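Shown next: model10.txt, given as compact mmCIF, C-alpha atoms and all ligand atoms.
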# COMPACT_ATOMS: atom_id res chain seq x y z
CA MET P 26 0.00 0.00 0.00
CA VAL P 27 1.53 3.30 -1.05
CA THR P 28 0.43 6.90 -0.99
CA ILE P 29 0.25 8.26 -4.49
CA PHE P 30 -0.62 11.90 -3.95
CA ALA P 31 1.39 12.52 -0.81
CA SER P 32 0.93 16.00 0.67
CA GLU P 33 3.10 16.94 3.64
CA ARG P 34 0.09 16.39 5.91
CA LEU P 35 -0.53 12.94 4.45
CA LYS P 36 3.13 11.96 4.76
CA GLU P 37 2.81 12.64 8.47
CA ILE P 38 -0.54 10.99 9.14
CA TYR P 39 -0.38 7.98 6.78
CA PRO P 40 2.35 6.00 8.62
CA GLN P 41 0.69 6.73 11.97
CA ILE P 42 -2.65 5.32 10.84
CA LYS P 43 -0.91 2.34 9.20
CA LEU P 44 0.93 1.56 12.43
CA PHE P 45 -2.21 1.97 14.53
CA VAL P 46 -4.25 -0.32 12.31
CA GLU P 47 -1.57 -3.00 12.12
CA GLN P 48 -0.55 -2.94 15.78
CA GLU P 49 -3.82 -2.20 17.55
CA LEU P 50 -6.45 -3.78 15.30
CA TYR P 51 -5.04 -6.62 13.20
CA PRO P 52 -4.20 -8.74 16.29
CA ILE P 53 -7.75 -8.55 17.71
CA GLU P 54 -9.91 -8.48 14.56
CA MET P 55 -10.80 -12.20 14.44
CA ASP P 56 -11.63 -12.24 18.15
CA LEU P 57 -13.84 -9.14 17.82
CA LEU P 58 -15.80 -10.67 14.95
CA LYS P 59 -16.68 -13.68 17.10
CA ARG P 60 -18.02 -11.57 19.99
CA PRO P 61 -21.51 -10.05 20.33
CA PHE P 62 -21.31 -6.43 19.16
CA ASN P 63 -21.86 -4.97 22.65
CA GLU P 64 -18.89 -6.92 23.96
CA ALA P 65 -16.70 -5.97 21.00
CA ASP P 66 -17.83 -2.37 21.42
CA THR P 67 -16.29 -2.13 24.90
CA ILE P 68 -12.89 -3.00 23.42
CA LEU P 69 -13.48 -0.79 20.39
CA GLN P 70 -14.25 2.20 22.64
CA GLU P 71 -10.81 1.79 24.27
CA LYS P 72 -9.22 1.79 20.81
CA ARG P 73 -11.26 4.85 19.87
CA ALA P 74 -9.95 6.69 22.94
CA LYS P 75 -6.41 5.76 21.89
CA ALA P 76 -6.98 6.99 18.33
CA LYS P 77 -8.28 10.30 19.74
CA GLN P 78 -5.35 10.60 22.10
CA ARG P 79 -2.90 10.15 19.19
CA GLY P 80 -4.65 12.83 17.14
CA LEU P 81 -5.94 10.40 14.53
CA TRP P 82 -9.67 10.84 15.18
CA ALA P 83 -12.05 11.40 12.23
CA PRO P 84 -9.33 12.84 9.98
CA TYR P 85 -11.87 14.07 7.39
CA LEU P 86 -13.42 16.48 9.94
CA PRO P 87 -12.20 20.06 10.19
CA GLU P 88 -9.73 20.67 13.03
CA LYS P 89 -12.30 22.79 14.91
CA ASP P 90 -14.53 19.68 15.07
CA GLY P 91 -11.83 17.37 16.37
CA GLY P 92 -10.44 16.08 13.04
CA ILE P 93 -7.42 16.82 10.87
CA GLY P 94 -9.21 18.49 7.95
CA LEU P 95 -7.98 16.12 5.24
CA SER P 96 -9.11 16.79 1.68
CA MET P 97 -11.03 14.08 -0.16
CA ILE P 98 -7.93 12.80 -1.97
CA GLU P 99 -5.97 12.67 1.30
CA PHE P 100 -8.77 11.00 3.20
CA ALA P 101 -9.32 8.46 0.41
CA GLN P 102 -5.80 7.14 0.99
CA VAL P 103 -6.04 6.77 4.78
CA SER P 104 -9.53 5.32 4.35
CA GLU P 105 -7.91 2.50 2.35
CA LEU P 106 -5.63 1.75 5.30
CA MET P 107 -8.51 1.67 7.76
CA ALA P 108 -10.38 -0.76 5.51
CA GLY P 109 -7.71 -3.43 5.86
CA THR P 110 -9.48 -4.54 9.04
CA PRO P 111 -13.26 -4.87 9.61
CA PHE P 112 -13.49 -2.35 12.48
CA GLY P 113 -10.91 0.11 11.12
CA HIS P 114 -13.33 2.79 10.04
CA PHE P 115 -15.36 2.40 13.21
CA VAL P 116 -12.35 2.98 15.46
CA PHE P 117 -11.52 6.30 13.74
CA ASN P 118 -15.22 7.35 13.62
CA CYS P 119 -15.18 7.20 9.82
CA GLN P 120 -17.79 4.44 9.47
CA ALA P 121 -20.85 4.47 7.25
CA PRO P 122 -23.58 5.52 7.69
CA ASP P 123 -22.39 8.02 10.35
CA ILE P 124 -19.79 9.67 8.11
CA GLY P 125 -22.46 10.41 5.49
CA ASN P 126 -24.85 11.79 8.10
CA ILE P 127 -22.08 13.92 9.61
CA GLU P 128 -21.21 15.43 6.24
CA LEU P 129 -24.87 16.06 5.51
CA MET P 130 -25.65 17.63 8.90
CA HIS P 131 -22.50 19.74 8.78
CA LYS P 132 -23.80 21.46 5.69
CA HIS P 133 -27.56 21.40 6.07
CA ALA P 134 -28.74 20.86 9.67
CA SER P 135 -29.91 23.80 11.80
CA THR P 136 -27.76 25.02 14.70
CA PHE P 137 -30.26 23.35 17.05
CA LEU P 138 -29.83 19.93 15.37
CA GLN P 139 -26.07 20.37 15.10
CA GLU P 140 -25.66 21.12 18.79
CA LYS P 141 -27.99 18.37 19.98
CA TYR P 142 -27.11 15.57 17.52
CA LEU P 143 -24.17 16.39 15.28
CA VAL P 144 -21.69 17.27 18.04
CA PRO P 145 -22.10 13.97 19.94
CA LEU P 146 -22.04 12.09 16.63
CA MET P 147 -18.72 13.69 15.68
CA ASN P 148 -17.36 12.93 19.17
CA GLY P 149 -18.36 9.29 18.82
CA ALA P 150 -20.71 9.43 21.81
CA ILE P 151 -23.69 8.29 19.71
CA ARG P 152 -24.37 6.46 16.42
CA SER P 153 -26.93 7.17 13.71
CA CYS P 154 -28.60 5.59 10.67
CA PHE P 155 -30.09 6.58 7.33
CA SER P 156 -33.57 5.35 6.46
CA MET P 157 -34.57 5.65 2.82
CA THR P 158 -35.10 2.23 1.19
CA GLU P 159 -38.46 0.47 1.45
CA PRO P 160 -39.21 -3.21 0.79
CA GLU P 161 -42.40 -2.43 -1.19
CA PHE P 162 -40.79 0.08 -3.60
CA ALA P 163 -37.78 -0.15 -5.95
CA GLY P 164 -34.95 1.52 -4.06
CA SER P 165 -33.02 2.17 -7.29
CA ASN P 166 -35.75 4.65 -8.22
CA PRO P 167 -36.59 6.15 -4.80
CA VAL P 168 -38.91 8.86 -6.17
CA ASN P 169 -41.64 6.23 -5.79
CA MET P 170 -41.23 6.08 -2.01
CA GLY P 171 -44.31 5.38 0.15
CA THR P 172 -43.33 6.93 3.50
CA THR P 173 -45.14 10.18 4.34
CA ALA P 174 -44.55 13.02 6.78
CA VAL P 175 -47.65 15.13 7.29
CA LEU P 176 -47.49 18.49 9.07
CA ASP P 177 -49.83 18.73 12.04
CA GLY P 178 -49.38 21.97 13.96
CA GLY P 179 -45.70 22.16 14.82
CA GLU P 180 -45.04 18.46 14.22
CA TYR P 181 -44.50 16.01 11.37
CA ILE P 182 -46.40 12.74 11.65
CA ILE P 183 -44.35 10.04 9.92
CA ASN P 184 -45.78 6.77 8.62
CA GLY P 185 -43.87 4.23 6.58
CA HIS P 186 -41.98 1.00 6.28
CA LYS P 187 -38.21 1.00 5.71
CA TRP P 188 -35.56 -1.65 5.48
CA PHE P 189 -31.83 -1.98 5.11
CA THR P 190 -31.47 0.92 7.52
CA THR P 191 -27.86 0.01 8.30
CA ALA P 192 -26.79 0.21 11.95
CA ALA P 193 -30.25 1.18 13.24
CA ASP P 194 -29.71 -1.24 16.14
CA GLY P 195 -28.29 0.89 18.96
CA ALA P 196 -28.37 4.14 16.97
CA ASN P 197 -29.50 7.35 18.68
CA PHE P 198 -31.39 8.73 15.68
CA ALA P 199 -32.40 8.04 12.09
CA ILE P 200 -32.40 10.48 9.20
CA VAL P 201 -35.62 9.52 7.43
CA MET P 202 -36.59 10.24 3.83
CA ALA P 203 -40.33 10.87 3.65
CA ASN P 204 -42.77 12.52 1.24
CA THR P 205 -43.79 15.88 2.68
CA ASN P 206 -45.75 16.93 -0.42
CA THR P 207 -47.10 14.17 -2.68
CA GLU P 208 -48.47 16.82 -5.09
CA ALA P 209 -45.05 18.34 -5.76
CA SER P 210 -42.89 17.47 -8.78
CA ARG P 211 -41.06 14.10 -8.67
CA TYR P 212 -37.84 15.43 -7.19
CA GLU P 213 -39.44 17.87 -4.75
CA LYS P 214 -41.80 15.53 -2.95
CA ALA P 215 -39.47 14.29 -0.25
CA SER P 216 -37.65 15.76 2.74
CA MET P 217 -35.11 14.52 5.26
CA ILE P 218 -36.24 14.51 8.86
CA LEU P 219 -34.29 13.54 11.96
CA VAL P 220 -36.15 11.02 14.11
CA PRO P 221 -34.73 10.07 17.53
CA ILE P 222 -35.17 6.31 17.87
CA ASP P 223 -36.89 6.67 21.25
CA THR P 224 -39.74 8.52 19.50
CA LYS P 225 -43.09 6.79 20.08
CA GLY P 226 -44.02 4.86 16.92
CA PHE P 227 -40.41 4.07 15.90
CA HIS P 228 -40.21 0.29 15.87
CA LEU P 229 -37.08 -1.67 14.91
CA LYS P 230 -38.87 -4.84 13.80
CA ARG P 231 -35.75 -6.93 13.24
CA ASN P 232 -32.18 -7.02 12.10
CA ILE P 233 -32.36 -8.58 8.63
CA PRO P 234 -30.37 -11.81 8.22
CA VAL P 235 -27.82 -11.41 5.40
CA MET P 236 -26.40 -14.67 4.04
CA GLY P 237 -26.95 -16.44 7.35
CA ASP P 238 -25.72 -13.59 9.55
CA THR P 239 -28.31 -11.50 11.40
CA GLY P 240 -25.68 -9.18 12.80
CA GLU P 241 -26.26 -6.66 15.57
CA GLY P 242 -25.31 -3.16 16.65
CA TRP P 243 -23.31 -1.27 14.07
CA LEU P 244 -22.94 -4.45 11.96
CA SER P 245 -26.62 -4.87 11.13
CA HIS P 246 -29.36 -3.79 8.74
CA GLY P 247 -32.68 -2.90 10.34
CA GLU P 248 -36.27 -3.22 9.19
CA ILE P 249 -38.24 -0.35 10.69
CA GLU P 250 -41.88 0.60 10.99
CA TYR P 251 -42.73 4.26 11.50
CA THR P 252 -46.25 4.45 12.89
CA ASP P 253 -47.63 7.92 13.64
CA CYS P 254 -44.16 8.95 14.66
CA ARG P 255 -44.33 12.59 15.77
CA VAL P 256 -41.29 14.85 15.65
CA PRO P 257 -41.11 18.66 15.91
CA VAL P 258 -40.82 20.57 12.63
CA SER P 259 -37.42 21.75 13.88
CA HIS P 260 -36.15 18.23 13.04
CA LEU P 261 -36.33 18.96 9.31
CA ILE P 262 -32.89 18.93 7.66
CA GLY P 263 -32.47 21.56 4.95
CA LYS P 264 -35.60 22.85 3.25
CA GLU P 265 -38.87 21.01 2.86
CA GLY P 266 -38.81 19.23 -0.52
CA SER P 267 -35.01 19.14 -0.73
CA GLY P 268 -34.72 15.44 0.20
CA PHE P 269 -33.51 14.16 -3.18
CA LEU P 270 -31.11 17.04 -3.64
CA LEU P 271 -29.58 16.31 -0.23
CA ALA P 272 -29.51 12.55 -0.94
CA GLN P 273 -27.49 13.21 -4.10
CA GLU P 274 -25.10 15.42 -2.15
CA ARG P 275 -24.74 12.78 0.56
CA LEU P 276 -24.05 10.02 -1.93
CA GLY P 277 -21.27 11.73 -3.94
CA PRO P 278 -18.53 11.70 -1.27
CA GLY P 279 -20.08 8.50 0.13
CA ARG P 280 -19.23 6.63 -3.06
CA ILE P 281 -15.59 7.73 -2.88
CA HIS P 282 -15.53 6.53 0.74
CA HIS P 283 -16.98 3.15 -0.22
CA CYS P 284 -14.62 2.70 -3.18
CA MET P 285 -11.51 3.46 -1.16
CA ARG P 286 -12.74 1.12 1.56
CA TRP P 287 -13.22 -1.62 -1.04
CA ILE P 288 -9.68 -1.08 -2.31
CA GLY P 289 -8.39 -1.49 1.26
CA ILE P 290 -10.26 -4.79 1.50
CA CYS P 291 -8.83 -5.85 -1.89
CA GLU P 292 -5.30 -5.09 -0.69
CA ARG P 293 -5.71 -7.17 2.46
CA ALA P 294 -7.31 -10.06 0.54
CA PHE P 295 -4.49 -9.79 -2.00
CA GLN P 296 -1.87 -10.02 0.77
CA MET P 297 -3.62 -13.10 2.14
CA MET P 298 -3.78 -14.67 -1.31
CA CYS P 299 -0.06 -14.09 -1.97
CA LYS P 300 0.91 -15.40 1.44
CA LYS P 301 -1.15 -18.54 0.93
CA ALA P 302 0.38 -19.04 -2.54
CA VAL P 303 3.84 -18.96 -1.02
CA ASP P 304 3.09 -21.01 2.11
CA ARG P 305 0.97 -23.82 0.67
CA ASP P 306 3.09 -26.87 0.01
CA MET P 307 1.38 -28.90 -2.72
CA GLY P 308 3.08 -32.13 -1.72
CA ASP P 309 4.76 -32.59 -5.11
CA GLY P 310 7.76 -30.43 -4.45
CA THR P 311 5.96 -27.26 -5.56
CA ARG P 312 4.27 -24.37 -3.79
CA LEU P 313 0.79 -23.20 -4.80
CA GLY P 314 2.25 -19.97 -6.17
CA GLN P 315 4.18 -21.97 -8.77
CA LYS P 316 0.94 -22.88 -10.55
CA GLN P 317 0.26 -20.61 -13.47
CA THR P 318 -3.43 -20.11 -12.73
CA ILE P 319 -2.59 -18.71 -9.29
CA GLN P 320 0.06 -16.50 -10.88
CA ASN P 321 -2.56 -15.20 -13.33
CA TRP P 322 -4.93 -14.36 -10.46
CA ILE P 323 -2.17 -12.54 -8.63
CA ALA P 324 -1.10 -10.58 -11.71
CA GLU P 325 -4.67 -9.70 -12.69
CA SER P 326 -5.56 -8.67 -9.13
CA ARG P 327 -2.47 -6.47 -8.82
CA ALA P 328 -3.23 -4.69 -12.08
CA GLU P 329 -6.93 -4.28 -11.31
CA ILE P 330 -6.41 -2.94 -7.79
CA ASN P 331 -3.84 -0.43 -9.07
CA ALA P 332 -6.19 0.70 -11.83
CA ALA P 333 -9.08 1.03 -9.39
CA ARG P 334 -7.01 3.12 -6.99
CA PHE P 335 -5.95 5.54 -9.71
CA MET P 336 -9.53 5.94 -10.88
CA VAL P 337 -10.80 6.62 -7.36
CA LEU P 338 -8.05 9.10 -6.55
CA HIS P 339 -8.68 10.86 -9.84
CA ALA P 340 -12.38 11.17 -8.98
CA ALA P 341 -11.52 12.37 -5.46
CA HIS P 342 -9.15 14.97 -6.88
CA LYS P 343 -11.78 16.23 -9.27
CA MET P 344 -14.27 16.42 -6.42
CA ASP P 345 -11.80 18.41 -4.30
CA LEU P 346 -11.23 20.84 -7.17
CA SER P 347 -14.68 21.20 -8.66
CA GLY P 348 -17.28 19.47 -6.45
CA SER P 349 -19.52 16.39 -6.73
CA LYS P 350 -21.45 17.55 -9.78
CA ALA P 351 -18.35 17.99 -11.93
CA ALA P 352 -17.13 14.53 -10.90
CA LYS P 353 -20.52 12.85 -11.54
CA ASN P 354 -19.37 10.60 -14.40
CA ASP P 355 -16.14 9.65 -12.63
CA ILE P 356 -18.09 8.73 -9.50
CA ALA P 357 -20.54 6.57 -11.50
CA ALA P 358 -17.59 4.82 -13.17
CA ILE P 359 -15.73 3.98 -9.96
CA LYS P 360 -18.89 2.76 -8.21
CA PHE P 361 -19.43 -0.21 -10.56
CA PHE P 362 -15.80 -0.68 -11.61
CA VAL P 363 -14.39 -1.01 -8.08
CA ALA P 364 -17.32 -3.07 -6.76
CA ASP P 365 -16.69 -5.57 -9.57
CA ILE P 366 -12.97 -5.76 -8.80
CA LEU P 367 -13.73 -6.25 -5.11
CA MET P 368 -15.89 -9.28 -5.97
CA LYS P 369 -13.22 -10.73 -8.28
CA VAL P 370 -10.33 -10.28 -5.84
CA LEU P 371 -12.29 -11.69 -2.90
CA ASP P 372 -13.38 -14.68 -4.96
CA ARG P 373 -9.83 -15.41 -6.14
CA ALA P 374 -8.48 -15.07 -2.59
CA ILE P 375 -11.12 -17.51 -1.32
CA GLN P 376 -10.38 -19.99 -4.11
CA THR P 377 -6.65 -19.79 -3.39
CA HIS P 378 -7.36 -20.71 0.24
CA GLY P 379 -9.34 -23.81 -0.75
CA ALA P 380 -11.85 -25.01 1.88
CA LEU P 381 -10.30 -22.69 4.45
CA GLY P 382 -11.44 -19.75 2.32
CA ILE P 383 -15.14 -20.37 3.02
CA THR P 384 -14.74 -20.92 6.75
CA ASP P 385 -14.97 -18.15 9.32
CA ASP P 386 -11.35 -18.85 10.31
CA THR P 387 -10.14 -16.06 8.01
CA LEU P 388 -11.53 -12.60 7.24
CA LEU P 389 -12.41 -13.58 3.69
CA SER P 390 -15.83 -15.08 4.41
CA PHE P 391 -16.81 -12.04 6.50
CA TRP P 392 -16.02 -9.73 3.60
CA TYR P 393 -17.61 -12.00 1.02
CA ARG P 394 -20.85 -11.97 3.04
CA HIS P 395 -20.81 -8.29 3.97
CA GLU P 396 -19.54 -6.84 0.72
CA ARG P 397 -21.68 -8.66 -1.84
CA GLY P 398 -24.04 -5.76 -1.27
CA ALA P 399 -21.43 -3.42 -2.77
CA ARG P 400 -22.90 -3.99 -6.21
CA ILE P 401 -26.37 -3.08 -4.90
CA TYR P 402 -26.21 -0.24 -2.33
CA ASP P 403 -25.65 3.42 -3.19
CA GLY P 404 -27.22 2.63 -6.54
CA PRO P 405 -26.96 -0.80 -8.21
CA ASP P 406 -24.16 -1.20 -10.78
CA GLU P 407 -26.64 -1.22 -13.68
CA VAL P 408 -28.01 2.21 -12.74
CA HIS P 409 -24.51 3.73 -12.66
CA LYS P 410 -23.58 2.14 -15.98
CA SER P 411 -26.76 3.43 -17.53
CA SER P 412 -26.31 6.96 -16.19
CA LEU P 413 -22.66 7.09 -17.32
CA ALA P 414 -23.54 5.82 -20.80
CA LYS P 415 -26.44 8.29 -21.11
CA SER P 416 -24.20 11.17 -20.13
CA VAL P 417 -21.59 10.12 -22.70
CA LEU P 418 -24.16 9.58 -25.46
CA LYS P 419 -25.72 12.97 -24.73
CA GLU P 420 -22.42 14.54 -25.74
CA TYR P 421 -22.81 12.74 -29.05
CA GLY P 422 -26.26 14.24 -29.50
CA LEU P 423 -28.46 11.28 -28.51
CA LYS P 424 -31.72 12.38 -26.88
CA ILE P 425 -32.55 10.05 -23.98
C1 LIG P 501 -25.60 -3.96 2.51
C2 LIG P 501 -26.64 -2.93 2.18
C3 LIG P 501 -26.72 -1.80 2.99
C4 LIG P 501 -27.70 -0.82 2.73
N1 LIG P 501 -27.83 0.26 3.56
C5 LIG P 501 -28.82 1.13 3.39
C6 LIG P 501 -29.04 2.21 4.32
O1 LIG P 501 -28.30 2.39 5.30
N2 LIG P 501 -30.12 3.02 4.14
C7 LIG P 501 -30.98 2.86 3.09
O2 LIG P 501 -31.92 3.62 2.97
N3 LIG P 501 -30.80 1.84 2.19
C8 LIG P 501 -29.76 0.99 2.32
N4 LIG P 501 -29.60 -0.06 1.44
C9 LIG P 501 -30.57 -0.25 0.37
C10 LIG P 501 -30.03 0.08 -1.01
O3 LIG P 501 -29.84 1.47 -1.15
C11 LIG P 501 -31.00 -0.51 -2.05
O4 LIG P 501 -30.96 -1.92 -1.92
C12 LIG P 501 -30.67 -0.11 -3.47
O5 LIG P 501 -30.97 1.25 -3.69
C13 LIG P 501 -31.46 -0.95 -4.50
O6 LIG P 501 -32.82 -0.91 -4.23
P1 LIG P 501 -33.66 -2.29 -4.12
O7 LIG P 501 -32.97 -3.20 -3.19
O8 LIG P 501 -35.06 -1.92 -3.83
O9 LIG P 501 -33.53 -2.95 -5.56
P2 LIG P 501 -34.47 -2.65 -6.83
O10 LIG P 501 -34.59 -1.18 -7.04
O11 LIG P 501 -35.69 -3.45 -6.73
O12 LIG P 501 -33.55 -3.22 -8.01
C14 LIG P 501 -33.32 -4.63 -8.14
C15 LIG P 501 -32.26 -4.87 -9.19
O13 LIG P 501 -32.72 -4.40 -10.43
C16 LIG P 501 -31.65 -3.98 -11.25
N5 LIG P 501 -31.93 -2.60 -11.71
C17 LIG P 501 -32.44 -1.57 -11.02
N6 LIG P 501 -32.51 -0.47 -11.77
C18 LIG P 501 -32.03 -0.80 -12.99
C19 LIG P 501 -31.82 -0.08 -14.22
N7 LIG P 501 -32.13 1.21 -14.32
N8 LIG P 501 -31.30 -0.77 -15.26
C20 LIG P 501 -31.00 -2.08 -15.16
N9 LIG P 501 -31.16 -2.82 -14.04
C21 LIG P 501 -31.67 -2.16 -12.97
C22 LIG P 501 -30.39 -4.03 -10.39
O14 LIG P 501 -29.65 -5.19 -10.70
C23 LIG P 501 -30.95 -4.11 -8.98
O15 LIG P 501 -30.06 -4.79 -8.08
C24 LIG P 501 -28.61 -1.01 1.65
C25 LIG P 501 -28.51 -2.15 0.84
C26 LIG P 501 -27.53 -3.10 1.09
C27 LIG P 501 -27.46 -4.31 0.22

Would you mind giving the structure from this file in structure tokens?
Amino acid sequence: MVTIFASERLKEIYPQIKLFVEQELYPIEMDLLKRPFNEADTILQEKRAKAKQRGLWAPYLPEKDGGIGLSMIEFAQVSELMAGTPFGHFVFNCQAPDIGNIELMHKHASTFLQEKYLVPLMNGAIRSCFSMTEPEFAGSNPVNMGTTAVLDGGEYIINGHKWFTTAADGANFAIVMANTNTEASRYEKASMILVPIDTKGFHLKRNIPVMGDTGEGWLSHGEIEYTDCRVPVSHLIGKEGSGFLLAQERLGPGRIHHCMRWIGICERAFQMMCKKAVDRDMGDGTRLGQKQTIQNWIAESRAEINAARFMVLHAAHKMDLSGSKAAKNDIAAIKFFVADILMKVLDRAIQTHGALGITDDTLLSFWYRHERGARIYDGPDEVHKSSLAKSVLKEYGLKI
């Protein structure tokens, strides 16, 4: 793992985060994964305190908010390091969905919401979730959402059914997408509203089992019913009707975060694959790495991970210079390109490990289970391919 665009600030912080991750987290990662989340959380909170103490906390946040103020291209590179271990992002308070909610609230929440919810979220005292997708409606076209928020005096009354609200279990609040005006134009119907989870009518029905793992705490995906959930109008984020605009804003940087995280996972899986190729004695006087198929996988993975990293850093750089809108096509391209490479590298690493690869004795099965969703969340691959192609073809004069 190397830094490609190394600013002075990055040269200082990068080795510190690398050391922290390798010394503090690698040795305990397998043990943490086997514990219930609450138990793991006690240990993780100690690590979080250590990260804070060493000045490594939430490096994407401005210094005044307890971070280091890294740019997107700088953060992308340390994010890759954190991703080499399952709880890396969590320990530095860079984990989804909190990081997305923090960025959103930083820009668009009122002073009241910032003081009451954003400050403790940035400090790591509470967690949050983001509640948009619904089982009854196609999430890849969320303008068809069914959840409503009706104004009644000074309160919104929210009714709806959501699922895949990641990390709802144990969160302090949800940011809920709901239709505030069903008569408005398609993209102006919805708003984002902060709902504390102890609000009457908020019901976490279950954590949804994903490939045999129900998960809990931060590592879970909740199904939620909102039944006559009343929150004060002061819990609106941004303007009424700006929900889709804000969702787009939230997703831009979010996709860079995900992609760099996936590259970090690829790098760790790649290391494991290479190590296995060297260590595995085939019993015929050869090592596994002497077989040409394994060599092909290693060569292809190396090239693909490098290519993916350059693409992501290029998109991050463009975003730093000109904002999310200007980098729209680059962001669409990395979303499906890197997700695909993640799947390929993980699969090759598992295959190289033989039966061991599908057991829970290595990290590979955890990532295979948890990251298959990469091709689905934040917009399925097909949607990004379609939007990139449309944008390109528009330049050639095609009306779509
Ligand atoms: C691990 C994980 C975590 C998630 N976390 C959250 C969260 O925290 N909060 C939240 O609100 N949601 C979350 N989601 C939900 C996610 O955003 C949706 O699953 C996603 O938007 C797709 O919606 P859907 O599942 O309803 O699929 P659908 O919209 O029903 O689409 C099904 C499939 O159809 C295909 N498809 C869709 N559109 C097109 C098209 N235009 N062209 C061609 N094919 C197409 C794709 O292959 C897609 O996978 C999460 C999902 C996963 C898997």

Rows by chain and residue number, range 334-356 of chain P within 12 Å of range 75-97 of chain P, shortest pair, only C-alpha atoms, as JSON lines:
{"residue": "P:Val337", "atom": "CA", "partner": "P:Met97", "partner_atom": "CA", "distance": 10.4}
{"residue": "P:Leu338", "atom": "CA", "partner": "P:Met97", "partner_atom": "CA", "distance": 8.6}
{"residue": "P:His339", "atom": "CA", "partner": "P:Met97", "partner_atom": "CA", "distance": 10.5}
{"residue": "P:Ala340", "atom": "CA", "partner": "P:Met97", "partner_atom": "CA", "distance": 9.4}
{"residue": "P:Ala341", "atom": "CA", "partner": "P:Met97", "partner_atom": "CA", "distance": 5.6}
{"residue": "P:His342", "atom": "CA", "partner": "P:Met97", "partner_atom": "CA", "distance": 7.0}
{"residue": "P:Lys343", "atom": "CA", "partner": "P:Met97", "partner_atom": "CA", "distance": 9.4}
{"residue": "P:Met344", "atom": "CA", "partner": "P:Met97", "partner_atom": "CA", "distance": 7.4}
{"residue": "P:Asp345", "atom": "CA", "partner": "P:Met97", "partner_atom": "CA", "distance": 6.0}
{"residue": "P:Leu346", "atom": "CA", "partner": "P:Met97", "partner_atom": "CA", "distance": 9.7}
{"residue": "P:Ser347", "atom": "CA", "partner": "P:Met97", "partner_atom": "CA", "distance": 11.7}
{"residue": "P:Gly348", "atom": "CA", "partner": "P:Met97", "partner_atom": "CA", "distance": 10.4}
{"residue": "P:Ser349", "atom": "CA", "partner": "P:Met97", "partner_atom": "CA", "distance": 11.0}

Let me have the centre and edge lengths in Å, one decimal, of the box along x, y and z around every listed atom of ligand LIG 501 (chain P) with 6 Å of margin on each side, as JSON.
{"center_x": -30.6, "center_y": -0.8, "center_z": -5.0, "size_x": 22.1, "size_y": 20.8, "size_z": 32.6}

### Task
Could you tell me, counting all atoms listed in the file, which protein and nucleic acid residues lie no more than 9 Å from ligand LIG 501 (chain P), written as a ChimeraX atom specification?
/P:121-122,154-167,187-193,201-202,235,245-247,395-412

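Among P:Met285, P:Ile383, P:Ala150, P:Val417, the residue with the shortest atom-to-atom distance to Ile98 in chain P, counting only C-alpha atoms, is P:Met285.
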
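Non-sequential neighbours of Ala65 in chain P (distance at most 12 Å, separation of 3 or more positions within a chain, all atoms listed in the file) are Leu50, Ile53, Glu54, Met55, Asp56, Leu57, Leu58, Lys59, Arg60, Pro61, Phe62, Ile68, Leu69, Gln70, Glu71, Lys72, Pro111, Phe112, Phe115, Val116, Glu241, Gly242, Trp243 and Leu244 of chain P.
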
Keeping C-alpha atoms for every residue in the selection just given, could you write it to a file as a PDB file, in the coordinates of the input?
ATOM      1  CA  LEU P  50      -6.450  -3.780  15.300  1.00  0.00           C
ATOM      2  CA  ILE P  53      -7.750  -8.550  17.710  1.00  0.00           C
ATOM      3  CA  GLU P  54      -9.910  -8.480  14.560  1.00  0.00           C
ATOM      4  CA  MET P  55     -10.800 -12.200  14.440  1.00  0.00           C
ATOM      5  CA  ASP P  56     -11.630 -12.240  18.150  1.00  0.00           C
ATOM      6  CA  LEU P  57     -13.840  -9.140  17.820  1.00  0.00           C
ATOM      7  CA  LEU P  58     -15.800 -10.670  14.950  1.00  0.00           C
ATOM      8  CA  LYS P  59     -16.680 -13.680  17.100  1.00  0.00           C
ATOM      9  CA  ARG P  60     -18.020 -11.570  19.990  1.00  0.00           C
ATOM     10  CA  PRO P  61     -21.510 -10.050  20.330  1.00  0.00           C
ATOM     11  CA  PHE P  62     -21.310  -6.430  19.160  1.00  0.00           C
ATOM     12  CA  ILE P  68     -12.890  -3.000  23.420  1.00  0.00           C
ATOM     13  CA  LEU P  69     -13.480  -0.790  20.390  1.00  0.00           C
ATOM     14  CA  GLN P  70     -14.250   2.200  22.640  1.00  0.00           C
ATOM     15  CA  GLU P  71     -10.810   1.790  24.270  1.00  0.00           C
ATOM     16  CA  LYS P  72      -9.220   1.790  20.810  1.00  0.00           C
ATOM     17  CA  PRO P 111     -13.260  -4.870   9.610  1.00  0.00           C
ATOM     18  CA  PHE P 112     -13.490  -2.350  12.480  1.00  0.00           C
ATOM     19  CA  PHE P 115     -15.360   2.400  13.210  1.00  0.00           C
ATOM     20  CA  VAL P 116     -12.350   2.980  15.460  1.00  0.00           C
ATOM     21  CA  GLU P 241     -26.260  -6.660  15.570  1.00  0.00           C
ATOM     22  CA  GLY P 242     -25.310  -3.160  16.650  1.00  0.00           C
ATOM     23  CA  TRP P 243     -23.310  -1.270  14.070  1.00  0.00           C
ATOM     24  CA  LEU P 244     -22.940  -4.450  11.960  1.00  0.00           C
TER      25      LEU P 244
END

### Nearest-residue call for Arg152 in chain P, choices P:Gly268, P:Gly195, P:Pro221, P:Gly382, using all atoms listed in the file
P:Gly195

### Task
Grab the CA of Ile222 in chain P to CA of Phe198 in chain P distance for me, in Å with one decimal place.
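Computing the Euclidean distance for CA of Ile222 in chain P and CA of Phe198 in chain P yields 5.0 Å.
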